[in-house]
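J.: So here's final-v1.pdb, just PDB, C-alpha atoms:
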ATOM      1  CA  GLU T 921     -38.165 -15.564 -57.540
ATOM      2  CA  GLN T 922     -36.451 -17.481 -60.341
ATOM      3  CA  LEU T 923     -33.440 -18.221 -58.150
ATOM      4  CA  GLN T 924     -35.743 -19.419 -55.369
ATOM      5  CA  THR T 925     -37.403 -21.705 -57.877
ATOM      6  CA  TYR T 926     -34.055 -23.192 -58.884
ATOM      7  CA  LEU T 927     -33.246 -23.776 -55.215
ATOM      8  CA  GLU T 928     -36.587 -25.500 -54.688
ATOM      9  CA  GLY T 929     -37.362 -23.506 -51.569
ATOM     10  CA  GLN T 930     -34.030 -24.109 -49.841
ATOM     11  CA  SER T 931     -32.566 -21.343 -47.716
ATOM     12  CA  PHE T 932     -29.063 -20.807 -46.356
ATOM     13  CA  GLU T 933     -27.583 -19.133 -43.287
ATOM     14  CA  TYR T 934     -24.194 -18.528 -44.912
ATOM     15  CA  VAL T 935     -23.740 -17.488 -48.521
ATOM     16  CA  TRP T 936     -20.528 -17.081 -50.516
ATOM     17  CA  ASP T 937     -20.976 -15.406 -53.888
ATOM     18  CA  ASN T 938     -17.925 -15.774 -56.128
ATOM     19  CA  ALA T 939     -19.737 -15.380 -59.439
ATOM     20  CA  SER T 940     -21.715 -12.133 -59.544
ATOM     21  CA  LYS T 941     -20.161  -9.183 -61.358
ATOM     22  CA  GLY T 942     -22.739  -6.564 -60.465
ATOM     23  CA  ALA T 943     -25.957  -5.685 -58.680
ATOM     24  CA  GLU T 944     -28.242  -6.714 -61.516
ATOM     25  CA  GLY T 945     -29.624 -10.060 -62.636
ATOM     26  CA  ALA T 946     -28.144 -12.978 -60.694
ATOM     27  CA  GLY T 947     -26.139 -10.664 -58.437
ATOM     28  CA  LYS T 948     -29.211  -8.813 -57.265
ATOM     29  CA  ALA T 949     -31.060 -12.108 -56.889
ATOM     30  CA  VAL T 950     -28.377 -13.518 -54.572
ATOM     31  CA  VAL T 951     -28.478 -10.437 -52.358
ATOM     32  CA  ASP T 952     -32.272 -10.378 -52.292
ATOM     33  CA  CYS T 953     -32.451 -14.068 -51.402
ATOM     34  CA  ALA T 954     -29.848 -13.649 -48.666
ATOM     35  CA  LYS T 955     -31.948 -10.867 -47.183
ATOM     36  CA  GLU T 956     -35.172 -12.876 -47.431
ATOM     37  CA  TRP T 957     -33.510 -15.862 -45.756
ATOM     38  CA  GLY T 958     -32.205 -13.701 -42.924
ATOM     39  CA  CYS T 959     -28.752 -15.128 -43.571
ATOM     40  CA  LYS T 960     -26.108 -14.729 -40.900
ATOM     41  CA  LEU T 961     -23.419 -13.721 -43.371
ATOM     42  CA  LEU T 962     -23.128 -12.898 -47.066
ATOM     43  CA  THR T 963     -19.542 -13.091 -48.296
ATOM     44  CA  TYR T 964     -18.737 -11.668 -51.712
ATOM     45  CA  VAL T 965     -15.721 -12.102 -53.986
ATOM     46  CA  SER T 966     -15.185  -8.642 -55.415
ATOM     47  CA  SER T 967     -12.020  -7.492 -57.213
ATOM     48  CA  ALA T 968      -8.953  -5.421 -56.393
ATOM     49  CA  GLY T 969      -9.134  -4.384 -60.034
ATOM     50  CA  ALA T 970     -11.727  -1.813 -58.922
ATOM     51  CA  TYR T 971      -9.041   0.158 -57.095
ATOM     52  CA  GLN T 972      -7.936   3.408 -58.685
ATOM     53  CA  PRO T 973      -4.652   4.329 -57.047
ATOM     54  CA  THR T 974      -3.543   7.957 -57.219
ATOM     55  CA  ASP T 975      -0.090   9.500 -57.222
ATOM     56  CA  GLU T 976      -0.352   9.599 -53.430
ATOM     57  CA  THR T 977      -1.241   5.894 -53.052
ATOM     58  CA  VAL T 978       1.261   3.918 -50.998
ATOM     59  CA  PHE T 979       1.718   0.262 -51.898
ATOM     60  CA  PRO T 980       0.525  -2.245 -50.961
ATOM     61  CA  MET T 981      -2.903  -0.736 -51.559
ATOM     62  CA  ALA T 982      -5.023  -0.537 -48.423
ATOM     63  CA  GLU T 983      -8.743  -1.223 -48.250
ATOM     64  CA  THR T 984      -9.251   2.568 -48.174
ATOM     65  CA  THR T 985      -7.762   3.038 -51.664
ATOM     66  CA  PRO T 986     -10.167   4.940 -53.976
ATOM     67  CA  VAL T 987     -12.297   2.689 -56.167
ATOM     68  CA  LYS T 988     -14.029   3.038 -59.500
ATOM     69  CA  GLU T 989     -17.572   3.692 -58.280
ATOM     70  CA  SER T 990     -19.116   2.506 -61.546
ATOM     71  CA  ALA T 991     -17.420  -0.911 -61.373
ATOM     72  CA  GLY T 992     -19.940  -3.736 -61.181
ATOM     73  CA  GLN T 993     -18.327  -5.237 -58.094
ATOM     74  CA  ILE T 994     -18.536  -1.922 -56.240
ATOM     75  CA  LEU T 995     -22.199  -1.552 -57.229
ATOM     76  CA  TYR T 996     -22.800  -5.030 -55.786
ATOM     77  CA  GLU T 997     -20.998  -4.101 -52.556
ATOM     78  CA  ASN T 998     -23.078  -0.930 -52.259
ATOM     79  CA  TYR T 999     -26.355  -2.731 -52.945
ATOM     80  CA  ALA T1000     -25.664  -5.453 -50.370
ATOM     81  CA  THR T1001     -24.728  -2.807 -47.805
ATOM     82  CA  GLU T1002     -27.893  -0.828 -48.532
ATOM     83  CA  GLN T1003     -29.974  -3.943 -47.812
ATOM     84  CA  GLY T1004     -28.637  -3.983 -44.257
ATOM     85  CA  LEU T1005     -27.207  -7.479 -44.602
ATOM     86  CA  PRO T1006     -24.367  -8.845 -42.464
ATOM     87  CA  PHE T1007     -21.972  -8.464 -45.370
ATOM     88  CA  VAL T1008     -18.272  -8.972 -46.053
ATOM     89  CA  THR T1009     -16.445  -8.393 -49.319
ATOM     90  CA  PHE T1010     -13.012  -9.613 -50.371
ATOM     91  CA  ARG T1011     -11.018  -7.957 -53.149
ATOM     92  CA  PRO T1012      -8.596 -10.459 -54.706
ATOM     93  CA  GLN T1013      -6.241 -10.042 -57.646
ATOM     94  CA  TYR T1014      -4.346 -12.264 -60.075
ATOM     95  CA  ILE T1015      -5.577 -15.696 -59.011
ATOM     96  CA  TYR T1016      -4.136 -18.916 -60.422
ATOM     97  CA  GLY T1017      -4.536 -22.579 -59.558
ATOM     98  CA  PRO T1018      -7.349 -25.115 -59.134
ATOM     99  CA  LYS T1019     -10.692 -23.872 -60.486
ATOM    100  CA  ALA T1020      -9.308 -20.431 -61.301
ATOM    101  CA  ASN T1021     -11.006 -18.983 -64.377
ATOM    102  CA  LYS T1022      -8.001 -17.223 -65.960
ATOM    103  CA  TYR T1023      -4.697 -18.496 -67.262
ATOM    104  CA  ASP T1024      -3.660 -15.270 -68.980
ATOM    105  CA  TYR T1025      -1.321 -13.914 -66.320
ATOM    106  CA  ILE T1026       1.199 -16.732 -66.225
ATOM    107  CA  ASP T1027       0.541 -18.109 -69.701
ATOM    108  CA  TRP T1028       1.757 -14.786 -71.149
ATOM    109  CA  TYR T1029       5.239 -15.637 -69.863
ATOM    110  CA  PHE T1030       5.255 -19.305 -70.857
ATOM    111  CA  ASP T1031       3.829 -18.560 -74.328
ATOM    112  CA  ARG T1032       6.921 -16.531 -75.113
ATOM    113  CA  ILE T1033       9.561 -18.387 -73.137
ATOM    114  CA  VAL T1034       8.903 -21.820 -74.653
ATOM    115  CA  ARG T1035       8.989 -20.331 -78.156
ATOM    116  CA  GLY T1036      12.132 -18.309 -77.590
ATOM    117  CA  VAL T1037      10.490 -15.045 -78.577
ATOM    118  CA  PRO T1038      10.904 -11.667 -76.812
ATOM    119  CA  LEU T1039       9.109 -10.830 -73.585
ATOM    120  CA  PRO T1040       8.253  -7.120 -73.817
ATOM    121  CA  ILE T1041       7.998  -5.934 -70.198
ATOM    122  CA  PRO T1042       7.014  -2.303 -69.542
ATOM    123  CA  GLY T1043       9.299  -0.104 -67.483
ATOM    124  CA  ASP T1044      12.334  -1.661 -65.863
ATOM    125  CA  GLY T1045      10.607  -4.834 -64.633
ATOM    126  CA  THR T1046      10.937  -3.968 -60.943
ATOM    127  CA  GLN T1047       7.201  -3.347 -60.536
ATOM    128  CA  LYS T1048       5.777  -5.667 -57.901
ATOM    129  CA  VAL T1049       2.812  -8.007 -58.189
ATOM    130  CA  SER T1050       1.152 -10.621 -56.002
ATOM    131  CA  LEU T1051      -0.070 -13.840 -57.611
ATOM    132  CA  THR T1052      -2.316 -15.886 -55.351
ATOM    133  CA  ASN T1053      -3.092 -19.600 -55.423
ATOM    134  CA  SER T1054      -6.849 -20.220 -55.508
ATOM    135  CA  GLU T1055      -6.544 -22.529 -52.504
ATOM    136  CA  ASP T1056      -5.125 -19.628 -50.479
ATOM    137  CA  VAL T1057      -8.038 -17.504 -51.702
ATOM    138  CA  ALA T1058     -10.484 -20.165 -50.491
ATOM    139  CA  ALA T1059      -8.791 -20.151 -47.084
ATOM    140  CA  VAL T1060      -9.124 -16.371 -46.907
ATOM    141  CA  LEU T1061     -12.812 -16.553 -47.787
ATOM    142  CA  SER T1062     -13.502 -19.138 -45.112
ATOM    143  CA  SER T1063     -11.678 -17.066 -42.487
ATOM    144  CA  VAL T1064     -14.846 -14.996 -42.000
ATOM    145  CA  LEU T1065     -16.034 -17.836 -39.769
ATOM    146  CA  ASN T1066     -13.125 -17.243 -37.396
ATOM    147  CA  ASP T1067     -14.753 -14.003 -36.193
ATOM    148  CA  GLU T1068     -18.001 -13.055 -37.891
ATOM    149  CA  SER T1069     -18.384  -9.884 -35.849
ATOM    150  CA  ALA T1070     -14.921  -8.595 -36.758
ATOM    151  CA  ALA T1071     -15.569  -9.539 -40.373
ATOM    152  CA  THR T1072     -18.796  -7.547 -40.683
ATOM    153  CA  GLN T1073     -17.403  -4.576 -38.752
ATOM    154  CA  GLN T1074     -14.457  -4.266 -41.133
ATOM    155  CA  LYS T1075     -16.577  -5.327 -44.149
ATOM    156  CA  VAL T1076     -13.879  -4.820 -46.794
ATOM    157  CA  PHE T1077     -10.776  -7.009 -46.953
ATOM    158  CA  ASN T1078      -8.009  -7.291 -49.479
ATOM    159  CA  CYS T1079      -7.316 -10.829 -50.606
ATOM    160  CA  GLY T1080      -3.875 -11.695 -51.877
ATOM    161  CA  SER T1081      -0.685 -13.520 -51.217
ATOM    162  CA  ASP T1082       1.829 -12.057 -48.794
ATOM    163  CA  GLN T1083       4.569 -12.996 -51.271
ATOM    164  CA  LEU T1084       5.579 -10.327 -53.776
ATOM    165  CA  TYR T1085       7.471 -10.722 -57.035
ATOM    166  CA  THR T1086       8.718  -8.281 -59.639
ATOM    167  CA  TYR T1087       7.698  -8.695 -63.262
ATOM    168  CA  THR T1088      11.256  -9.802 -63.988
ATOM    169  CA  ASP T1089      11.163 -12.295 -61.109
ATOM    170  CA  VAL T1090       8.121 -13.968 -62.657
ATOM    171  CA  ALA T1091       9.925 -14.250 -66.000
ATOM    172  CA  LYS T1092      12.981 -15.849 -64.398
ATOM    173  CA  ILE T1093      10.955 -18.332 -62.347
ATOM    174  CA  CYS T1094       8.889 -19.358 -65.372
ATOM    175  CA  ALA T1095      12.071 -19.802 -67.426
ATOM    176  CA  GLU T1096      13.675 -21.946 -64.744
ATOM    177  CA  VAL T1097      10.613 -24.202 -64.602
ATOM    178  CA  ALA T1098      10.556 -24.460 -68.413
ATOM    179  CA  GLY T1099      14.258 -25.310 -68.560
ATOM    180  CA  VAL T1100      15.221 -22.131 -70.431
ATOM    181  CA  SER T1101      18.496 -20.578 -69.333
ATOM    182  CA  ASN T1102      18.735 -17.462 -71.498
ATOM    183  CA  VAL T1103      15.602 -15.603 -70.433
ATOM    184  CA  GLU T1104      17.637 -12.415 -69.805
ATOM    185  CA  ASP T1105      18.304 -12.343 -73.540
ATOM    186  CA  LEU T1106      14.580 -12.588 -74.264
ATOM    187  CA  ILE T1107      13.394  -9.814 -71.944
ATOM    188  CA  LEU T1108      12.884  -6.446 -73.622
ATOM    189  CA  TYR T1109      12.165  -3.503 -71.328
ATOM    190  CA  TYR T1110      10.278  -0.689 -72.999
ATOM    191  CA  ASP T1111       8.606   2.642 -72.276
ATOM    192  CA  GLY T1112       5.110   1.692 -71.189
ATOM    193  CA  ASP T1113       3.973   5.308 -70.990
ATOM    194  CA  LYS T1114       4.741   5.677 -74.677
ATOM    195  CA  MET T1115       3.813   2.222 -76.013
ATOM    196  CA  GLY T1116       1.103   1.102 -73.576
ATOM    197  CA  LYS T1117       0.736  -2.365 -72.070
ATOM    198  CA  ALA T1118      -0.141  -4.156 -75.338
ATOM    199  CA  ALA T1119      -0.736  -7.820 -74.379
ATOM    200  CA  PHE T1120       1.170  -7.619 -71.082
ATOM    201  CA  PRO T1121      -1.060  -9.126 -68.378
ATOM    202  CA  PHE T1122      -0.292  -6.730 -65.508
ATOM    203  CA  ARG T1123      -0.458  -2.989 -64.949
ATOM    204  CA  LEU T1124       2.257  -0.636 -66.142
ATOM    205  CA  THR T1125       3.028   0.319 -62.563
ATOM    206  CA  ASP T1126       3.019  -1.353 -59.162
ATOM    207  CA  PHE T1127      -0.426  -2.774 -58.453
ATOM    208  CA  TYR T1128      -0.708  -5.074 -55.482
ATOM    209  CA  VAL T1129      -2.514  -5.544 -52.208
ATOM    210  CA  ALA T1130      -1.471  -7.164 -48.960
ATOM    211  CA  PRO T1131      -3.521  -9.391 -46.642
ATOM    212  CA  ASP T1132      -2.552  -7.562 -43.432
ATOM    213  CA  MET T1133      -6.134  -6.787 -42.462
ATOM    214  CA  VAL T1134      -7.421 -10.347 -42.866
ATOM    215  CA  LYS T1135      -4.427 -11.610 -40.905
ATOM    216  CA  SER T1136      -4.944  -9.244 -37.998
ATOM    217  CA  LYS T1137      -8.735  -9.341 -37.768
ATOM    218  CA  LEU T1138      -9.636 -12.833 -38.988
ATOM    219  CA  ASP T1139      -6.538 -14.800 -37.995
ATOM    220  CA  TRP T1140      -5.654 -15.928 -41.486
ATOM    221  CA  PRO T1141      -2.160 -17.444 -41.122
ATOM    222  CA  GLY T1142      -0.892 -16.365 -44.540
ATOM    223  CA  SER T1143      -0.177 -18.106 -47.827
ATOM    224  CA  LYS T1144       0.634 -21.790 -47.713
ATOM    225  CA  SER T1145       1.584 -21.787 -51.382
ATOM    226  CA  SER T1146       4.783 -20.719 -53.101
ATOM    227  CA  LEU T1147       4.680 -19.412 -56.664
ATOM    228  CA  LYS T1148       8.029 -21.015 -57.436
ATOM    229  CA  ASP T1149       6.809 -24.436 -56.295
ATOM    230  CA  ASP T1150       3.380 -24.012 -57.869
ATOM    231  CA  LEU T1151       4.775 -23.135 -61.277
ATOM    232  CA  VAL T1152       6.152 -26.670 -61.573
ATOM    233  CA  TRP T1153       2.676 -28.219 -61.699
ATOM    234  CA  TYR T1154       1.267 -25.164 -63.463
ATOM    235  CA  PHE T1155       3.725 -25.673 -66.323
ATOM    236  CA  GLU T1156       2.725 -29.324 -66.613
ATOM    237  CA  GLY T1157      -0.889 -28.188 -66.830
ATOM    238  CA  TYR T1158       0.076 -25.577 -69.402
ATOM    239  CA  LYS T1159       1.558 -28.288 -71.602
ATOM    240  CA  ALA T1160      -1.427 -30.572 -71.018
ATOM    241  CA  ARG T1161      -3.661 -27.750 -72.299
ATOM    242  CA  GLY T1162      -1.511 -27.594 -75.410
ATOM    243  CA  GLY T1163      -0.052 -24.245 -74.451
ATOM    244  CA  HIS T1164       3.408 -25.060 -75.793
ATOM    245  CA  THR T1165       2.147 -26.105 -79.235
ATOM    246  CA  LYS T1166      -0.887 -23.892 -79.848
ATOM    247  CA  GLU T1167      -0.757 -20.993 -82.287
ATOM    248  CA  VAL T1168      -0.141 -17.753 -80.414
ATOM    249  CA  ASP T1169      -0.785 -14.308 -81.861
ATOM    250  CA  PHE T1170       2.090 -11.960 -81.021
ATOM    251  CA  ALA T1171       0.776  -9.106 -83.168
ATOM    252  CA  LYS T1172       0.476  -6.741 -80.204
ATOM    253  CA  ASP T1173       4.094  -7.417 -79.272
ATOM    254  CA  GLU T1174       5.518  -6.683 -82.705
ATOM    255  CA  PRO T1175       5.429  -2.850 -82.669
ATOM    256  CA  ILE T1176       7.111  -2.817 -79.261
ATOM    257  CA  VAL T1177       9.764  -5.346 -80.230
ATOM    258  CA  SER T1178      10.475  -3.444 -83.439
ATOM    259  CA  SER T1179      10.852  -0.129 -81.623
ATOM    260  CA  VAL T1180      13.215  -1.557 -79.004
ATOM    261  CA  THR T1181      15.391  -3.565 -81.358
ATOM    262  CA  ALA T1182      15.540  -0.990 -84.171
TER     263      ALA T1182
END
Hey, can you dump this file as structure tokens for me?
T.:
Amino acid sequence: EQLQTYLEGQSFEYVWDNASKGAEGAGKAVVDCAKEWGCKLLTYVSSAGAYQPTDETVFPMAETTPVKESAGQILYENYATEQGLPFVTFRPQYIYGPKANKYDYIDWYFDRIVRGVPLPIPGDGTQKVSLTNSEDVAAVLSSVLNDESAATQQKVFNCGSDQLYTYTDVAKICAEVAGVSNVEDLILYYDGDKMGKAAFPFRLTDFYVAPDMVKSKLDWPGSKSSLKDDLVWYFEGYKARGGHTKEVDFAKDEPIVSSVTA
């Protein structure tokens, strides 16, 4: 009722919810309003972080990968489904770019590279990751309109770039953009099973999805962005935010660096 009050009685046939983190409070209110309005389609931005891959999981993770049932996003998906709504959910990961709400993933690299301090990367750095421009994410989300029936029949779609990079690749690209030539000397590979991930922004192992399903069923053409090209303007934004001069706490790195260099 409070949400309806804020909307001053407006109703909507199509709803995209990219804010709710669970099936309580505002999240529940969005679903309930969508049902009351008889909306034609409720599209939700969930998270691939809810996936719990097993030893048998083949990468890229498919939409059938086991999930953490207690995750707020999964509870939202379940609640919307229980309401009988025409519902589609997208599970993105590692988003950067315009209006993205996290800088941590890429800033972790630049914070260390521009200061010439070690980059402790777990394992051997060959683990793969997909980093997706927010504009590509927006294009994926709007693709539900290409075939609403196919979208609701499938219901769950992964949302990510079709370009993959290793953890070491990301370090090298960031260094090239920042004009640093000796990044190989800064990278320290370490035993993640023993030391944990510390401040490292990604998982210890491979953790990535592919957009094959949204391509085949909703005719999404694939990523228009390139991480290598995007990091040029990203780095300028990083400097504009004061990233290269701010005080950075490397306390979580220190035990790892000490153990590797001892």
J.: Given the choices T:Gln993, T:Ser1054, T:Ser931, T:Ser940, which gets closest to T:Lys1022 if the distance is worked out from all atoms listed in the file?
T.: T:Ser1054
J.: Do a neighbour search on T:Thr1001 at 12 Å with only C-alpha atoms, toss out local chain neighbours closer than 2 positions, and write the hits as a ChimeraX atom specification.
T.: /T:943,951-952,955,961-964,994-999,1003-1009,1072-1073,1075-1076
J.: Which one of T:Lys1166, T:Ala1130, T:Leu923, T:Leu1039 sits closest to T:Asn1102 if you count all atoms listed in the file?
T.: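 Looking at the shortest contact to T:Asn1102, the residue is T:Leu1039.
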J.: How many Å separate atom CA of T:Gly1116 from atom CA of T:Val1034?
T.: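 Distance between the two atoms: 24.2 Å.
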J.: What is the atom CA of T:Ser1081 to atom CA of T:Thr1052 distance in Å?
T.: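 Interatomic distance, atom CA of T:Ser1081 to atom CA of T:Thr1052: 5.0 Å.
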J.: Mind checking which residues fall within 10 Å of T:Asp1031, counting all atoms listed in the file, ignoring those fewer than 4 positions away in the same chain, and posting them as a PyMOL selection string?
T.: chain T and resi 1024+1026-1027+1035-1037+1039+1158+1163-1170
J.: Between atom CA of T:Tyr1109 and atom CA of T:Trp1153, what distance in Å does the model show, to one decimal?
T.: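 Separation between atom CA of T:Tyr1109 and atom CA of T:Trp1153: 28.2 Å.
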J.: Could you tell me which residues the PyMOL selection byres ((chain T and resi 1014) around 8) grabs in this file, written as a ChimeraX atom specification?
T.: /T:1012-1013,1015-1016,1025,1050-1052
J.: Pick out the closest residue to T:Met1115 from this set: T:Gly947, T:Gly1157, T:Pro1175, T:Gly958. Count all atoms listed in the file.
T.: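 Going through T:Gly947, T:Gly1157, T:Pro1175, T:Gly958 one by one, the smallest distance to T:Met1115 is for T:Pro1175.
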J.: Need the axis-aligned box for stretch 935-950 of chain T with 8 Å each side, so what are the centre and edges in Å to one decimal, as lines of an AutoDock Vina configuration file?
T.:
center_x = -24.5
center_y = -11.6
center_z = -55.6
size_x = 29.1
size_y = 27.8
size_z = 30.1
J.: I need the residue nearest T:Lys1135 from this list: T:Thr977, T:Gln1047, T:Ser1063, T:Gln924. Use all atoms listed in the file for the distance.
T.: T:Ser1063
J.: Give the answer as one residue: which of T:Val1049, T:Val978, T:Ala1020, T:Val1057 has the shortest atom-to-atom distance to T:Cys1079, using all atoms listed in the file?
T.: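 Comparing T:Val1049, T:Val978, T:Ala1020, T:Val1057 against T:Cys1079, the winner is T:Val1057.
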J.: Any chance you could build stretch 1144-1167 of chain T out to N, CA and C atoms and write it as a CSV table (one decimal), keeping the file's coordinate frame?
T.:
chain,number,residue,atom,x,y,z
T,1144,LYS,N,0.0,-20.5,-47.9
T,1144,LYS,CA,0.6,-21.8,-47.7
T,1144,LYS,C,1.3,-22.2,-49.0
T,1145,SER,N,1.0,-21.4,-50.1
T,1145,SER,CA,1.6,-21.8,-51.4
T,1145,SER,C,2.8,-20.9,-51.7
T,1146,SER,N,3.6,-21.4,-52.6
T,1146,SER,CA,4.8,-20.7,-53.1
T,1146,SER,C,4.7,-20.7,-54.6
T,1147,LEU,N,4.8,-19.5,-55.2
T,1147,LEU,CA,4.7,-19.4,-56.7
T,1147,LEU,C,5.7,-20.3,-57.3
T,1148,LYS,N,6.9,-20.3,-56.8
T,1148,LYS,CA,8.0,-21.0,-57.4
T,1148,LYS,C,7.7,-22.5,-57.5
T,1149,ASP,N,7.2,-23.0,-56.3
T,1149,ASP,CA,6.8,-24.4,-56.3
T,1149,ASP,C,5.6,-24.7,-57.2
T,1150,ASP,N,4.6,-23.8,-57.1
T,1150,ASP,CA,3.4,-24.0,-57.9
T,1150,ASP,C,3.6,-24.0,-59.4
T,1151,LEU,N,4.6,-23.2,-59.8
T,1151,LEU,CA,4.8,-23.1,-61.3
T,1151,LEU,C,5.3,-24.5,-61.9
T,1152,VAL,N,5.8,-25.4,-61.1
T,1152,VAL,CA,6.2,-26.7,-61.6
T,1152,VAL,C,4.9,-27.4,-62.1
T,1153,TRP,N,3.9,-27.5,-61.2
T,1153,TRP,CA,2.7,-28.2,-61.7
T,1153,TRP,C,1.9,-27.4,-62.7
T,1154,TYR,N,2.0,-26.0,-62.5
T,1154,TYR,CA,1.3,-25.2,-63.5
T,1154,TYR,C,1.8,-25.4,-64.9
T,1155,PHE,N,3.1,-25.5,-65.0
T,1155,PHE,CA,3.7,-25.7,-66.3
T,1155,PHE,C,3.3,-27.0,-66.9
T,1156,GLU,N,3.2,-28.0,-66.1
T,1156,GLU,CA,2.7,-29.3,-66.6
T,1156,GLU,C,1.3,-29.2,-67.1
T,1157,GLY,N,0.5,-28.4,-66.4
T,1157,GLY,CA,-0.9,-28.2,-66.8
T,1157,GLY,C,-0.9,-27.4,-68.1
T,1158,TYR,N,0.0,-26.4,-68.2
T,1158,TYR,CA,0.1,-25.6,-69.4
T,1158,TYR,C,0.3,-26.5,-70.6
T,1159,LYS,N,1.3,-27.4,-70.5
T,1159,LYS,CA,1.6,-28.3,-71.6
T,1159,LYS,C,0.4,-29.2,-71.9
T,1160,ALA,N,-0.3,-29.7,-70.8
T,1160,ALA,CA,-1.4,-30.6,-71.0
T,1160,ALA,C,-2.6,-29.9,-71.8
T,1161,ARG,N,-2.6,-28.5,-71.6
T,1161,ARG,CA,-3.7,-27.8,-72.3
T,1161,ARG,C,-3.2,-27.4,-73.7
T,1162,GLY,N,-2.0,-27.9,-74.1
T,1162,GLY,CA,-1.5,-27.6,-75.4
T,1162,GLY,C,-0.9,-26.2,-75.5
T,1163,GLY,N,-0.6,-25.6,-74.4
T,1163,GLY,CA,-0.1,-24.2,-74.5
T,1163,GLY,C,1.3,-24.1,-75.2
T,1164,HIS,N,2.1,-25.1,-75.2
T,1164,HIS,CA,3.4,-25.1,-75.8
T,1164,HIS,C,3.4,-25.3,-77.3
T,1165,THR,N,2.2,-25.8,-77.8
T,1165,THR,CA,2.1,-26.1,-79.2
T,1165,THR,C,1.1,-25.3,-79.9
T,1166,LYS,N,0.2,-24.6,-79.2
T,1166,LYS,CA,-0.9,-23.9,-79.8
T,1166,LYS,C,-0.3,-22.7,-80.6
T,1167,GLU,N,-1.1,-22.2,-81.5
T,1167,GLU,CA,-0.8,-21.0,-82.3
T,1167,GLU,C,-1.0,-19.8,-81.4
